[in-house]
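Here's the structure we're looking at; comments come further down.
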Amino acid sequence: MSQPSFPAGAARAPASSSRMVAAGMVFMTLMPLAMWLANRSTPLLLGLAAFCFTAAAALVPEGLRRSSAHLRLLVSTPLGIVLSAFLIWSLASILWSHGPAASLHGWAELALPIAFTLAIAASGRFSPSPVWLRALAVAIILACLLCIVELASGLSQRAALGIGKLMGFVFNRPAITALVLGVPVIHGLWSLPTRRSSDRLLAMVVGLAVAALALRSESASARLGLAVCVLCWPAALLWPRMTRRAIGSAFVLTMLLAPVLGMLAQNYMPSALLKRLPPMTGQARIEIWESFGQAARARPLLGTGFDTSPTLDRNPVAAQVEPERRRLLAVGHPHDMPLQAWVETGAVGAILMTLAGLLLLTRLGRMPAREAAPRLALAAACFAISVVGHGAWQGWWIAVLGASILWFPAHRERQGEHHG
């Protein structure tokens, strides 16, 4: 989960290129604050940043040629090939969607942030330097404080301004964004060669702000992701190989059992635990999983077509779901990424996603434990969030994931290097 490092251009970048780089870095840095204002804004900011970095590369002699070569390098890796295959299969599955236009829109919402991330990485102009890491750290802290103040005041600021939905859940996405972007920032500041105490203090404040917002928000997904990250980061430092294998086993098992997740949770989750969970996180969520699980088992190989979950109650597969569960197919999505992949893209899509995850873990296994640990912890946290949270292909989520990968310091993997 890091961008590759590329050789610098032979010629010094002109002033116009440097200005475009600065503009792109500003857009990347403003993401947490933008999510506080508008909680689906990350694709826009990532797209603007991609435009700036691509333009910056174009303003350097041979810049576009080098960017094209870098892009081919990124896409031709085993992980790049599998992800490309998933995108192609998802696009092909629109052929049997009951709403092709809506499915195509959903596919674009997934593909565009991925394209923006690749464009930024391929430009070779994005660099998470200490100055910009500090700027993003301040932006995360401010965004967390603003969200906490609004939640504590009952959203009185938004009510006075007459903007946005006056409901606490609007801060769930900013809380997740702060967590996902906070991990590379904390790692980057703590690992700077200068080892300044002020940078490490700033990293600790970021961690405290992220934790405070996750605990104060209504997002059970953010709290779960925070807990997984806090547990996995030190474990991956101390026992890297064992932690990686444990995460890999949990990942594969979760992907494999997704079509029967609701049935298993209903039969084997302790009732005492269910009673302690909020209604939408407990019994209601399990019933949604059961409904979508029946749809997944009805079309196990090909699925119902990409992004058909929002209107699955209108898909012909709904007739194969028990009548008492059919109404829950109208909730929008199954609140579980593996299950959504099974429902919409079938076993083919689920296998490709599983393979991509295993390739990512293999790639992290080639890094020193110090570099792999935060990436592994974030990967585990993001998967945990996606298992219980929002729709799998939402553009804001894909854009946040792409941005977090870019913010990690570049690291060259060495074949055959094993640590732990």
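Simple scheme: letters A, B, ... for chains in structure tokens order, numbers from 1 for residues in each chain, numbers from 1 for ligands in the order shown.
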
* Pick out the residues sitting within 7 Å of Gly389 in chain A, and hand them over as a ChimeraX atom specification; count only C-alpha atoms, and ignore anything fewer than 2 positions along from it in its own chain. => /A:221,335-336,385-387,391

Now that the selection is made, can you save its residues with N, CA, C and O atoms as an mmCIF file, in the first residue's frame?
data_model
loop_
_atom_site.group_PDB
_atom_site.id
_atom_site.type_symbol
_atom_site.label_atom_id
_atom_site.label_comp_id
_atom_site.auth_asym_id
_atom_site.auth_seq_id
_atom_site.Cartn_x
_atom_site.Cartn_y
_atom_site.Cartn_z
ATOM 1 N N SER A 221 -18.542 1.609 12.296
ATOM 2 C CA SER A 221 -17.488 1.191 11.367
ATOM 3 C C SER A 221 -16.168 1.868 11.700
ATOM 4 O O SER A 221 -15.109 1.229 11.680
ATOM 5 N N HIS A 335 -24.547 -3.555 3.182
ATOM 6 C CA HIS A 335 -23.691 -3.143 4.296
ATOM 7 C C HIS A 335 -22.589 -4.167 4.551
ATOM 8 O O HIS A 335 -22.217 -4.434 5.692
ATOM 9 N N ASP A 336 -22.054 -4.704 3.480
ATOM 10 C CA ASP A 336 -20.977 -5.688 3.583
ATOM 11 C C ASP A 336 -20.336 -5.817 2.206
ATOM 12 O O ASP A 336 -20.982 -6.279 1.265
ATOM 13 N N ILE A 385 -13.851 -2.212 8.121
ATOM 14 C CA ILE A 385 -14.858 -1.173 7.887
ATOM 15 C C ILE A 385 -15.798 -1.582 6.758
ATOM 16 O O ILE A 385 -17.020 -1.447 6.851
ATOM 17 N N SER A 386 -15.222 -2.111 5.685
ATOM 18 C CA SER A 386 -16.038 -2.460 4.520
ATOM 19 C C SER A 386 -16.945 -3.652 4.779
ATOM 20 O O SER A 386 -17.976 -3.804 4.122
ATOM 21 N N VAL A 387 -16.584 -4.486 5.750
ATOM 22 C CA VAL A 387 -17.399 -5.669 6.043
ATOM 23 C C VAL A 387 -18.685 -5.299 6.764
ATOM 24 O O VAL A 387 -19.699 -5.992 6.631
ATOM 25 N N GLY A 391 -21.776 1.097 1.217
ATOM 26 C CA GLY A 391 -21.719 0.421 -0.068
ATOM 27 C C GLY A 391 -20.290 0.256 -0.557
ATOM 28 O O GLY A 391 -19.449 1.142 -0.356
#

Each residue of range 203-306 of chain A with at least one atom at most 12 Å from range 366-370 of chain A should appear once, together with its nearest atom pair and the corresponding distance in Å (one decimal); atoms considered: only C-alpha atoms; ordering: chain, then increasing residue number; output as a tab-separated table.
residue	atom	partner	partner_atom	distance
A:Trp233	CA	A:Arg370	CA	9.6
A:Pro234	CA	A:Arg370	CA	9.8
A:Ala235	CA	A:Ala369	CA	10.1
A:Ala236	CA	A:Ala369	CA	6.8
A:Leu237	CA	A:Ala369	CA	5.5
A:Leu238	CA	A:Ala369	CA	8.1
A:Trp239	CA	A:Ala369	CA	8.6
A:Pro240	CA	A:Ala369	CA	6.1
A:Arg241	CA	A:Ala369	CA	9.0
A:Met242	CA	A:Ala369	CA	11.7
A:Thr243	CA	A:Ala369	CA	10.8
A:Arg244	CA	A:Ala369	CA	10.5

* To do: Select from range 137-338 of chain A everything DSSP, run on the backbone, classes as helix (DSSP H, G or I), then give the selection as a VMD selection string.
  => chain A and resid 137 to 152 156 to 161 168 to 190 197 to 216 220 to 238 240 to 268 271 to 276 283 to 298 309 to 314 316 to 320 323 to 330 337 to 338

* Can you list, as a PyMOL selection string, every protein, DNA or RNA residue that comes within 9 Å of range 338-352 of chain A when you count only C-alpha atoms, leaving out same-chain residues fewer than 6 positions away? -> chain A and resi 82-83+85-86+89-90+93+97+254-261+289+292-309+386-387+391-392

* Asked: Separation of CA of Trp393 in chain A and CA of Val331 in chain A, in Å?
  -> 15.6 Å

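Within the 8 Å cut-off around Leu104 in chain A, using only C-alpha atoms and omitting residues fewer than 4 positions from it on the same chain, the listed residues are Leu91, Ile94, Pro100, Ala108 and Phe306 of chain A.
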
What lies within 7 Å of Asp313 in chain A using only C-alpha atoms, ignoring chain neighbours under 2 positions off, as a CSV table (one decimal) with N, CA and C atoms, in the first residue's frame?
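Dumped everything to selection12.csv:
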chain,number,residue,atom,x,y,z
A,311,THR,N,-31.2,-1.2,-6.2
A,311,THR,CA,-32.5,-1.5,-6.6
A,311,THR,C,-32.7,-3.0,-6.8
A,315,ASN,N,-35.0,-6.4,-9.2
A,315,ASN,CA,-34.3,-7.3,-10.1
A,315,ASN,C,-35.0,-8.7,-10.1
A,318,ALA,N,-35.1,-11.1,-7.1
A,318,ALA,CA,-35.9,-10.9,-5.9
A,318,ALA,C,-37.0,-11.9,-5.8
A,326,ARG,N,-37.8,-10.2,1.3
A,326,ARG,CA,-37.7,-9.5,0.0
A,326,ARG,C,-37.7,-8.0,0.2
A,327,ARG,N,-38.4,-7.5,1.2
A,327,ARG,CA,-38.5,-6.0,1.4
A,327,ARG,C,-37.2,-5.4,1.7
A,329,LEU,N,-34.4,-6.0,0.5
A,329,LEU,CA,-33.6,-5.8,-0.7
A,329,LEU,C,-33.6,-4.4,-1.2
A,330,ALA,N,-34.6,-3.6,-0.6
A,330,ALA,CA,-34.7,-2.2,-1.0
A,330,ALA,C,-33.9,-1.2,-0.2

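Closest to Leu406 in chain A among A:Leu112, A:Ala119, A:Leu95, A:Cys147 is A:Ala119, based on only C-alpha atoms.
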
* Find the residues around Ile120 in chain A up to 12 Å (only C-alpha atoms counted), leave out those fewer than 2 positions away in its own chain, and share them as a ChimeraX atom specification. => /A:3-4,21,24-25,28,46-57,67-68,70-71,74,113-118,122-127,399,402-403,405-407

* Structure fact -> Closest of A:Gly225, A:Pro130, A:Gly357, A:Pro409 to Cys382 in chain A, counting only C-alpha atoms, is A:Gly225

* **Two-atom distance - CA of Cys232 in chain A, CA of Ala379 in chain A (Å)** =>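 Here the two named atoms are 9.7 Å from each other.
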